[in-house]
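Text of the file my_file01.txt, holding compact mmCIF, C-alpha atoms:
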# COMPACT_ATOMS: atom_id res chain seq x y z
CA MET A 382 -34.82 -10.05 19.37
CA PRO A 383 -35.15 -13.61 18.08
CA VAL A 384 -32.09 -15.78 18.57
CA SER A 385 -31.69 -16.37 14.82
CA LEU A 386 -31.62 -12.62 14.15
CA LEU A 387 -29.11 -12.11 16.95
CA LEU A 388 -26.83 -14.81 15.53
CA LEU A 389 -27.19 -13.41 12.03
CA SER A 390 -26.27 -9.88 13.16
CA PHE A 391 -23.24 -11.25 15.03
CA PHE A 392 -22.08 -13.09 11.90
CA PHE A 393 -22.31 -10.00 9.68
CA PHE A 394 -21.07 -7.32 12.07
CA ALA A 395 -18.60 -9.08 14.31
CA PRO A 396 -14.98 -8.05 13.91
CA LYS A 397 -13.01 -10.30 11.65
CA PRO A 398 -10.53 -12.50 13.53
CA GLN A 399 -7.03 -11.06 13.51
CA GLN A 400 -5.29 -12.13 10.32
CA GLU A 401 -1.83 -13.61 10.43
CA VAL A 402 0.59 -10.71 10.11
CA PRO A 403 4.24 -11.49 9.33
CA ARG A 404 6.87 -9.85 11.53
CA SER A 405 9.09 -8.78 8.62
CA ILE A 406 8.19 -6.89 5.46
CA TYR A 407 10.27 -9.50 3.61
CA ASP A 408 7.79 -12.23 4.58
CA PHE A 409 4.97 -10.65 2.58
CA LYS A 410 3.78 -11.86 -0.79
CA ALA A 411 1.06 -10.07 -2.72
CA THR A 412 -0.90 -11.04 -5.78
CA ALA A 413 0.08 -8.76 -8.68
CA LEU A 414 -2.39 -7.12 -11.06
CA ASP A 415 -1.34 -9.60 -13.74
CA GLY A 416 -1.99 -12.56 -11.43
CA GLY A 417 1.68 -13.16 -10.63
CA THR A 418 3.28 -12.77 -7.22
CA ILE A 419 5.07 -9.79 -5.70
CA ASP A 420 7.56 -11.36 -3.28
CA PHE A 421 8.93 -8.75 -0.90
CA SER A 422 11.92 -10.98 -0.03
CA GLN A 423 13.27 -10.03 -3.48
CA PHE A 424 13.58 -6.42 -2.32
CA LYS A 425 16.15 -7.02 0.44
CA GLY A 426 18.86 -4.38 0.31
CA LYS A 427 16.62 -1.79 -1.40
CA LYS A 428 14.29 0.85 -0.10
CA ILE A 429 10.59 0.11 -0.68
CA LEU A 430 7.98 2.82 -1.20
CA ILE A 431 4.48 1.40 -0.70
CA VAL A 432 1.58 3.51 -1.98
CA ASN A 433 -2.16 2.88 -1.95
CA THR A 434 -3.48 4.03 -5.31
CA ALA A 435 -6.73 4.86 -7.10
CA SER A 436 -7.54 5.70 -10.71
CA LYS A 437 -10.24 8.28 -10.10
CA CYS A 438 -8.65 10.44 -7.40
CA GLY A 439 -7.35 13.99 -7.49
CA PHE A 440 -3.94 12.54 -6.59
CA THR A 441 -3.95 10.02 -9.48
CA PRO A 442 -1.45 12.12 -11.49
CA GLN A 443 1.11 11.13 -8.81
CA TYR A 444 1.53 7.94 -10.85
CA LYS A 445 3.75 9.97 -13.19
CA ALA A 446 6.16 10.99 -10.41
CA LEU A 447 6.04 7.49 -8.89
CA GLN A 448 7.10 6.06 -12.24
CA ALA A 449 9.85 8.69 -12.58
CA ILE A 450 11.38 7.98 -9.15
CA SER A 451 11.02 4.26 -9.77
CA GLU A 452 13.16 4.65 -12.90
CA LYS A 453 15.62 7.17 -11.42
CA TYR A 454 16.32 5.11 -8.29
CA LYS A 455 15.85 1.65 -9.84
CA ASP A 456 19.11 0.35 -8.32
CA SER A 457 18.15 1.30 -4.77
CA LEU A 458 14.33 1.58 -4.66
CA VAL A 459 11.24 -0.45 -5.47
CA VAL A 460 7.88 1.33 -5.66
CA VAL A 461 4.91 -0.96 -5.01
CA GLY A 462 1.36 0.22 -5.68
CA PHE A 463 -1.67 -1.21 -3.91
CA PRO A 464 -4.93 -0.18 -5.60
CA SER A 465 -7.72 0.33 -3.10
CA ASN A 466 -11.38 1.32 -3.32
CA ASN A 467 -11.61 2.49 0.31
CA PHE A 468 -12.02 6.21 -0.35
CA LEU A 469 -15.19 7.41 -2.08
CA ARG A 470 -15.10 4.42 -4.47
CA GLN A 471 -12.24 6.00 -6.42
CA GLU A 472 -10.92 2.63 -7.61
CA PRO A 473 -14.02 0.79 -8.82
CA ASP A 474 -12.38 -1.19 -11.63
CA ASN A 475 -11.08 -4.75 -11.64
CA ASP A 476 -7.37 -5.64 -11.80
CA GLU A 477 -7.30 -5.92 -15.60
CA LYS A 478 -8.77 -2.44 -16.08
CA ILE A 479 -6.51 -0.95 -13.39
CA ALA A 480 -3.43 -2.41 -15.11
CA ALA A 481 -4.52 -1.05 -18.50
CA PHE A 482 -5.25 2.38 -17.02
CA CYS A 483 -1.85 2.60 -15.29
CA GLN A 484 0.05 1.47 -18.39
CA GLN A 485 -1.84 3.56 -20.95
CA ASN A 486 -2.00 6.79 -18.95
CA TYR A 487 1.24 6.74 -16.93
CA GLY A 488 3.48 4.02 -18.39
CA VAL A 489 3.64 2.30 -14.99
CA THR A 490 6.24 -0.45 -14.88
CA PHE A 491 6.75 -0.71 -11.11
CA PRO A 492 5.01 -3.60 -9.31
CA MET A 493 1.27 -3.13 -8.84
CA ALA A 494 -0.64 -5.47 -6.55
CA SER A 495 -4.17 -6.72 -6.92
CA LYS A 496 -6.79 -4.43 -5.38
CA ILE A 497 -6.99 -4.69 -1.58
CA ASP A 498 -8.50 -2.94 1.43
CA VAL A 499 -6.10 -0.62 3.24
CA LYS A 500 -8.48 0.14 6.11
CA GLY A 501 -11.57 -1.28 7.75
CA ARG A 502 -12.72 -4.76 8.62
CA ASN A 503 -10.95 -6.44 5.68
CA THR A 504 -7.61 -4.61 5.88
CA ALA A 505 -4.92 -6.58 4.07
CA PRO A 506 -2.18 -7.95 6.36
CA ILE A 507 0.51 -5.77 4.76
CA TYR A 508 -1.48 -2.67 5.70
CA ILE A 509 -1.99 -3.99 9.22
CA TRP A 510 1.82 -4.24 9.38
CA LEU A 511 2.29 -0.74 7.93
CA THR A 512 -0.22 0.93 10.27
CA GLN A 513 0.42 -0.79 13.60
CA LYS A 514 3.53 -0.06 15.64
CA LYS A 515 3.40 -3.50 17.28
CA TYR A 516 4.36 -4.90 13.86
CA ASN A 517 6.37 -2.14 12.17
CA ASN A 518 8.22 -0.87 15.30
CA TYR A 519 7.91 2.70 14.00
CA ALA A 520 4.46 4.23 14.50
CA ASP A 521 0.74 3.66 14.55
CA SER A 522 -0.95 5.40 11.64
CA LYS A 523 -4.18 5.53 9.70
CA VAL A 524 -4.36 5.57 5.92
CA LYS A 525 -5.93 8.98 5.44
CA TRP A 526 -6.58 8.84 1.68
CA ASN A 527 -5.33 7.48 -1.62
CA PHE A 528 -1.61 7.88 -2.34
CA GLN A 529 -0.37 7.76 1.25
CA LYS A 530 3.24 6.61 1.15
CA TYR A 531 5.19 4.29 3.47
CA LEU A 532 8.98 4.18 3.12
CA ILE A 533 10.92 1.13 4.23
CA ASN A 534 14.72 1.20 4.40
CA GLU A 535 17.22 -1.32 3.08
CA LYS A 536 17.00 -3.33 6.32
CA GLY A 537 13.23 -3.75 6.07
CA GLU A 538 12.40 -1.11 8.67
CA LEU A 539 9.57 1.37 8.24
CA ILE A 540 11.26 4.78 8.46
CA ALA A 541 8.76 7.34 7.16
CA ILE A 542 5.10 7.94 6.36
CA PHE A 543 4.16 10.63 3.85
CA LYS A 544 0.73 12.19 3.55
CA PRO A 545 -1.35 11.55 0.43
CA GLY A 546 -0.87 15.11 -0.85
CA THR A 547 2.93 14.87 -0.65
CA PRO A 548 4.15 14.41 -4.22
CA PRO A 549 6.48 11.42 -4.72
CA ASP A 550 9.21 13.81 -5.90
CA ALA A 551 8.83 16.19 -2.92
CA PRO A 552 12.15 17.24 -1.33
CA GLU A 553 11.46 15.29 1.89
CA ILE A 554 10.86 12.07 -0.04
CA ILE A 555 13.86 12.56 -2.33
CA SER A 556 16.03 13.29 0.71
CA ALA A 557 14.87 10.06 2.37
CA LEU A 558 15.46 8.09 -0.86
CA GLU A 559 18.98 9.46 -1.25
CA LYS A 560 19.97 8.96 2.38
CA GLN A 561 22.66 6.33 2.59
CA PRO A 562 22.15 3.34 4.90
Let me see whether you can do it: turn the structure in this file into structure tokens.
Amino acid sequence: MPVSLLLLSFFFFAPKPQQEVPRSIYDFKATALDGGTIDFSQFKGKKILIVNTASKCGFTPQYKALQAISEKYKDSLVVVGFPSNNFLRQEPDNDEKIAAFCQQNYGVTFPMASKIDVKGRNTAPIYIWLTQKKYNNYADSKVKWNFQKYLINEKGELIAIFKPGTPPDAPEIISALEKQP
């Protein structure tokens, strides 16, 4: 193999250097769909439910229940959606189209971040934190599909992971949301 081809293949297929991953969920900032900033330090003292979302998935109707729990528990919970195109290209649109889809079809008012990768070579730092025990001090996990849910308590600790098919208003999620600190 020529040296130039070897170097080229290394450049394209080599693992990406480890990104800087904050130690606390409150140190994260994400770009919002509207171009603003979602600053997780503003959520101190509340539970945070982080969900990777997609507009063309069988679980997309979960947006309705996410919006409902966001409204019902607004004093103690923040739902944050992270659109992702990592599963069968089920989120192919740009941020502007995603925002319009969420608003028009589900009346979404909870914070929605700009589209990111939740797995693979370009995994966003927040999802590295959510899926690696060395950062979250809870468990290693893999994002299995769209609408997997990560629940963080009022102290910024990851306390539960819910499968994609678990509706946001399932008894086990409601129980965790209503549990007092």
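Each of A:Ser495, A:Ser405, A:Ser451, A:Gln485 was compared to A:Ile419 using all atoms listed in the file, and A:Ser495 turns out to be the nearest.
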*Within 8 Å of stretch 468-475 of chain A, counting all atoms listed in the file, which residues qualify if same-chain residues fewer than 3 places away don't, as a ChimeraX atom specification?*
/A:434-438,464-465,478-479,496,526-527
*Can you work out the spacing between atom CA of A:Ile533 and atom CA of A:Leu458 in Å, to one decimal?*
9.5 Å
*Rounded to one decimal in Å, what is the spacing between atom CA of A:Tyr487 and atom CA of A:Tyr444?*
6.2 Å
*Pick out the residues sitting within 12 Å of stretch 555-558 of chain A, and hand them over as a PyMOL selection string; count only C-alpha atoms, and ignore anything fewer than 5 positions along from it in its own chain.*
chain A and resi 427-430+446-447+449-451+453-460+531-535+539-543+547-550
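When all atoms listed in the file are used to measure the gap to A:Thr504, the shortest distance among A:Asn517, A:Gln529, A:Asn466, A:Gln561 belongs to A:Asn466.
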*Is there a way to get, as a list in words, all residues within 7 Å of the point (-1.4, 0.3, -0.3) in file coordinates, counting all atoms listed in the file?*
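Looking at atoms near the point gives Ile431, Val432, Asn433, Thr434, Gly462, Phe463, Pro464, Ser465, Val499 and Tyr508 of chain A.
Proximity to A:Lys425 was assessed for A:Ala494, A:Pro442, A:Ile406, A:Glu452 counting only C-alpha atoms; the smallest distance is recorded for A:Ile406.
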*asked:* Measuring between all atoms listed in the file, which one of A:Gly439, A:Pro552, A:Gly537, A:Gly501 shows the shortest distance to A:Phe424?
replied: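 Between A:Gly439, A:Pro552, A:Gly537, A:Gly501, the residue approaching A:Phe424 most closely is A:Gly537.
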*Please, what distance in Å, to one decimal, runs between atom CA of A:Lys514 and atom CA of A:Ser422?*
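Between these atoms lies a distance of 20.9 Å.
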*Considering only C-alpha atoms, state which residue in the set A:Lys560, A:Pro403, A:Thr512, A:Pro492 is at the smallest distance from A:Lys525.*
A:Thr512
Return as JSON the centre and edge lengths, in Å with one decimal, of the box along x, y and z that encloses every atom of stretch 412-422 of chain A in the file, padded by 8 Å per side.
{"center_x": 4.8, "center_y": -10.1, "center_z": -6.9, "size_x": 30.3, "size_y": 22.0, "size_z": 29.7}
*Find, counting only C-alpha atoms, the residue in A:Gly426, A:Met493, A:Glu559, A:Pro506 that gets nearest to A:Ala481.*
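Checking each candidate against A:Ala481, we get A:Met493 as the closest.
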File output for stretch 456-485 of chain A (N, CA and C atoms) as an mmCIF file, in the first residue's frame:
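That gives us selection-v5.cif:
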data_model
loop_
_atom_site.group_PDB
_atom_site.id
_atom_site.type_symbol
_atom_site.label_atom_id
_atom_site.label_comp_id
_atom_site.auth_asym_id
_atom_site.auth_seq_id
_atom_site.Cartn_x
_atom_site.Cartn_y
_atom_site.Cartn_z
ATOM 1 N N ASP A 456 -42.407 23.085 37.373
ATOM 2 C CA ASP A 456 -41.704 23.660 38.527
ATOM 3 C C ASP A 456 -40.559 22.782 39.022
ATOM 4 N N SER A 457 -40.549 21.505 38.601
ATOM 5 C CA SER A 457 -39.535 20.588 39.117
ATOM 6 C C SER A 457 -38.794 19.798 38.043
ATOM 7 N N LEU A 458 -39.132 20.012 36.770
ATOM 8 C CA LEU A 458 -38.554 19.223 35.682
ATOM 9 C C LEU A 458 -38.295 20.082 34.451
ATOM 10 N N VAL A 459 -37.188 19.783 33.766
ATOM 11 C CA VAL A 459 -36.920 20.352 32.451
ATOM 12 C C VAL A 459 -36.688 19.178 31.500
ATOM 13 N N VAL A 460 -37.461 19.125 30.437
ATOM 14 C CA VAL A 460 -37.246 18.147 29.373
ATOM 15 C C VAL A 460 -36.358 18.830 28.343
ATOM 16 N N VAL A 461 -35.340 18.122 27.873
ATOM 17 C CA VAL A 461 -34.459 18.653 26.830
ATOM 18 C C VAL A 461 -34.370 17.613 25.716
ATOM 19 N N GLY A 462 -34.747 18.019 24.510
ATOM 20 C CA GLY A 462 -34.678 17.134 23.362
ATOM 21 C C GLY A 462 -33.417 17.373 22.550
ATOM 22 N N PHE A 463 -32.818 16.276 22.109
ATOM 23 C CA PHE A 463 -31.641 16.326 21.251
ATOM 24 C C PHE A 463 -31.937 15.575 19.960
ATOM 25 N N PRO A 464 -32.342 16.263 18.896
ATOM 26 C CA PRO A 464 -32.569 15.585 17.625
ATOM 27 C C PRO A 464 -31.287 14.899 17.146
ATOM 28 N N SER A 465 -31.467 13.725 16.572
ATOM 29 C CA SER A 465 -30.339 12.946 16.101
ATOM 30 C C SER A 465 -30.748 12.160 14.861
ATOM 31 N N ASN A 466 -29.829 12.014 13.943
ATOM 32 C CA ASN A 466 -30.083 11.271 12.705
ATOM 33 C C ASN A 466 -29.313 9.949 12.706
ATOM 34 N N ASN A 467 -29.047 9.391 13.889
ATOM 35 C CA ASN A 467 -28.212 8.201 14.001
ATOM 36 C C ASN A 467 -28.926 6.886 13.745
ATOM 37 N N PHE A 468 -30.234 6.895 13.635
ATOM 38 C CA PHE A 468 -30.968 5.638 13.494
ATOM 39 C C PHE A 468 -31.813 5.670 12.223
ATOM 40 N N LEU A 469 -31.371 4.952 11.216
ATOM 41 C CA LEU A 469 -32.064 4.818 9.936
ATOM 42 C C LEU A 469 -32.455 6.156 9.312
ATOM 43 N N ARG A 470 -31.625 7.175 9.542
ATOM 44 C CA ARG A 470 -31.846 8.511 8.943
ATOM 45 C C ARG A 470 -33.256 9.033 9.232
ATOM 46 N N GLN A 471 -33.699 8.858 10.467
ATOM 47 C CA GLN A 471 -35.059 9.262 10.833
ATOM 48 C C GLN A 471 -35.176 10.725 11.259
ATOM 49 N N GLU A 472 -34.057 11.456 11.209
ATOM 50 C CA GLU A 472 -34.093 12.900 11.440
ATOM 51 C C GLU A 472 -33.226 13.587 10.392
ATOM 52 N N PRO A 473 -33.692 13.581 9.134
ATOM 53 C CA PRO A 473 -32.874 14.116 8.046
ATOM 54 C C PRO A 473 -32.911 15.641 7.905
ATOM 55 N N ASP A 474 -33.848 16.303 8.559
ATOM 56 C CA ASP A 474 -34.046 17.732 8.348
ATOM 57 C C ASP A 474 -33.028 18.589 9.093
ATOM 58 N N ASN A 475 -32.984 19.862 8.711
ATOM 59 C CA ASN A 475 -32.121 20.819 9.402
ATOM 60 C C ASN A 475 -32.862 21.360 10.638
ATOM 61 N N ASP A 476 -32.157 22.146 11.426
ATOM 62 C CA ASP A 476 -32.716 22.654 12.690
ATOM 63 C C ASP A 476 -34.010 23.438 12.484
ATOM 64 N N GLU A 477 -34.045 24.275 11.471
ATOM 65 C CA GLU A 477 -35.235 25.095 11.222
ATOM 66 C C GLU A 477 -36.460 24.219 10.946
ATOM 67 N N LYS A 478 -36.295 23.199 10.121
ATOM 68 C CA LYS A 478 -37.411 22.300 9.803
ATOM 69 C C LYS A 478 -37.807 21.455 11.002
ATOM 70 N N ILE A 479 -36.823 21.035 11.799
ATOM 71 C CA ILE A 479 -37.118 20.253 13.010
ATOM 72 C C ILE A 479 -37.947 21.101 13.974
ATOM 73 N N ALA A 480 -37.541 22.353 14.177
ATOM 74 C CA ALA A 480 -38.271 23.251 15.084
ATOM 75 C C ALA A 480 -39.704 23.443 14.605
ATOM 76 N N ALA A 481 -39.882 23.681 13.315
ATOM 77 C CA ALA A 481 -41.232 23.875 12.767
ATOM 78 C C ALA A 481 -42.071 22.612 12.939
ATOM 79 N N PHE A 482 -41.489 21.451 12.667
ATOM 80 C CA PHE A 482 -42.204 20.184 12.818
ATOM 81 C C PHE A 482 -42.666 19.989 14.265
ATOM 82 N N CYS A 483 -41.765 20.197 15.209
ATOM 83 C CA CYS A 483 -42.095 19.995 16.629
ATOM 84 C C CYS A 483 -43.187 20.952 17.095
ATOM 85 N N GLN A 484 -43.105 22.203 16.673
ATOM 86 C CA GLN A 484 -44.097 23.200 17.077
ATOM 87 C C GLN A 484 -45.450 22.936 16.419
ATOM 88 N N GLN A 485 -45.461 22.718 15.126
ATOM 89 C CA GLN A 485 -46.720 22.553 14.394
ATOM 90 C C GLN A 485 -47.457 21.261 14.749
#
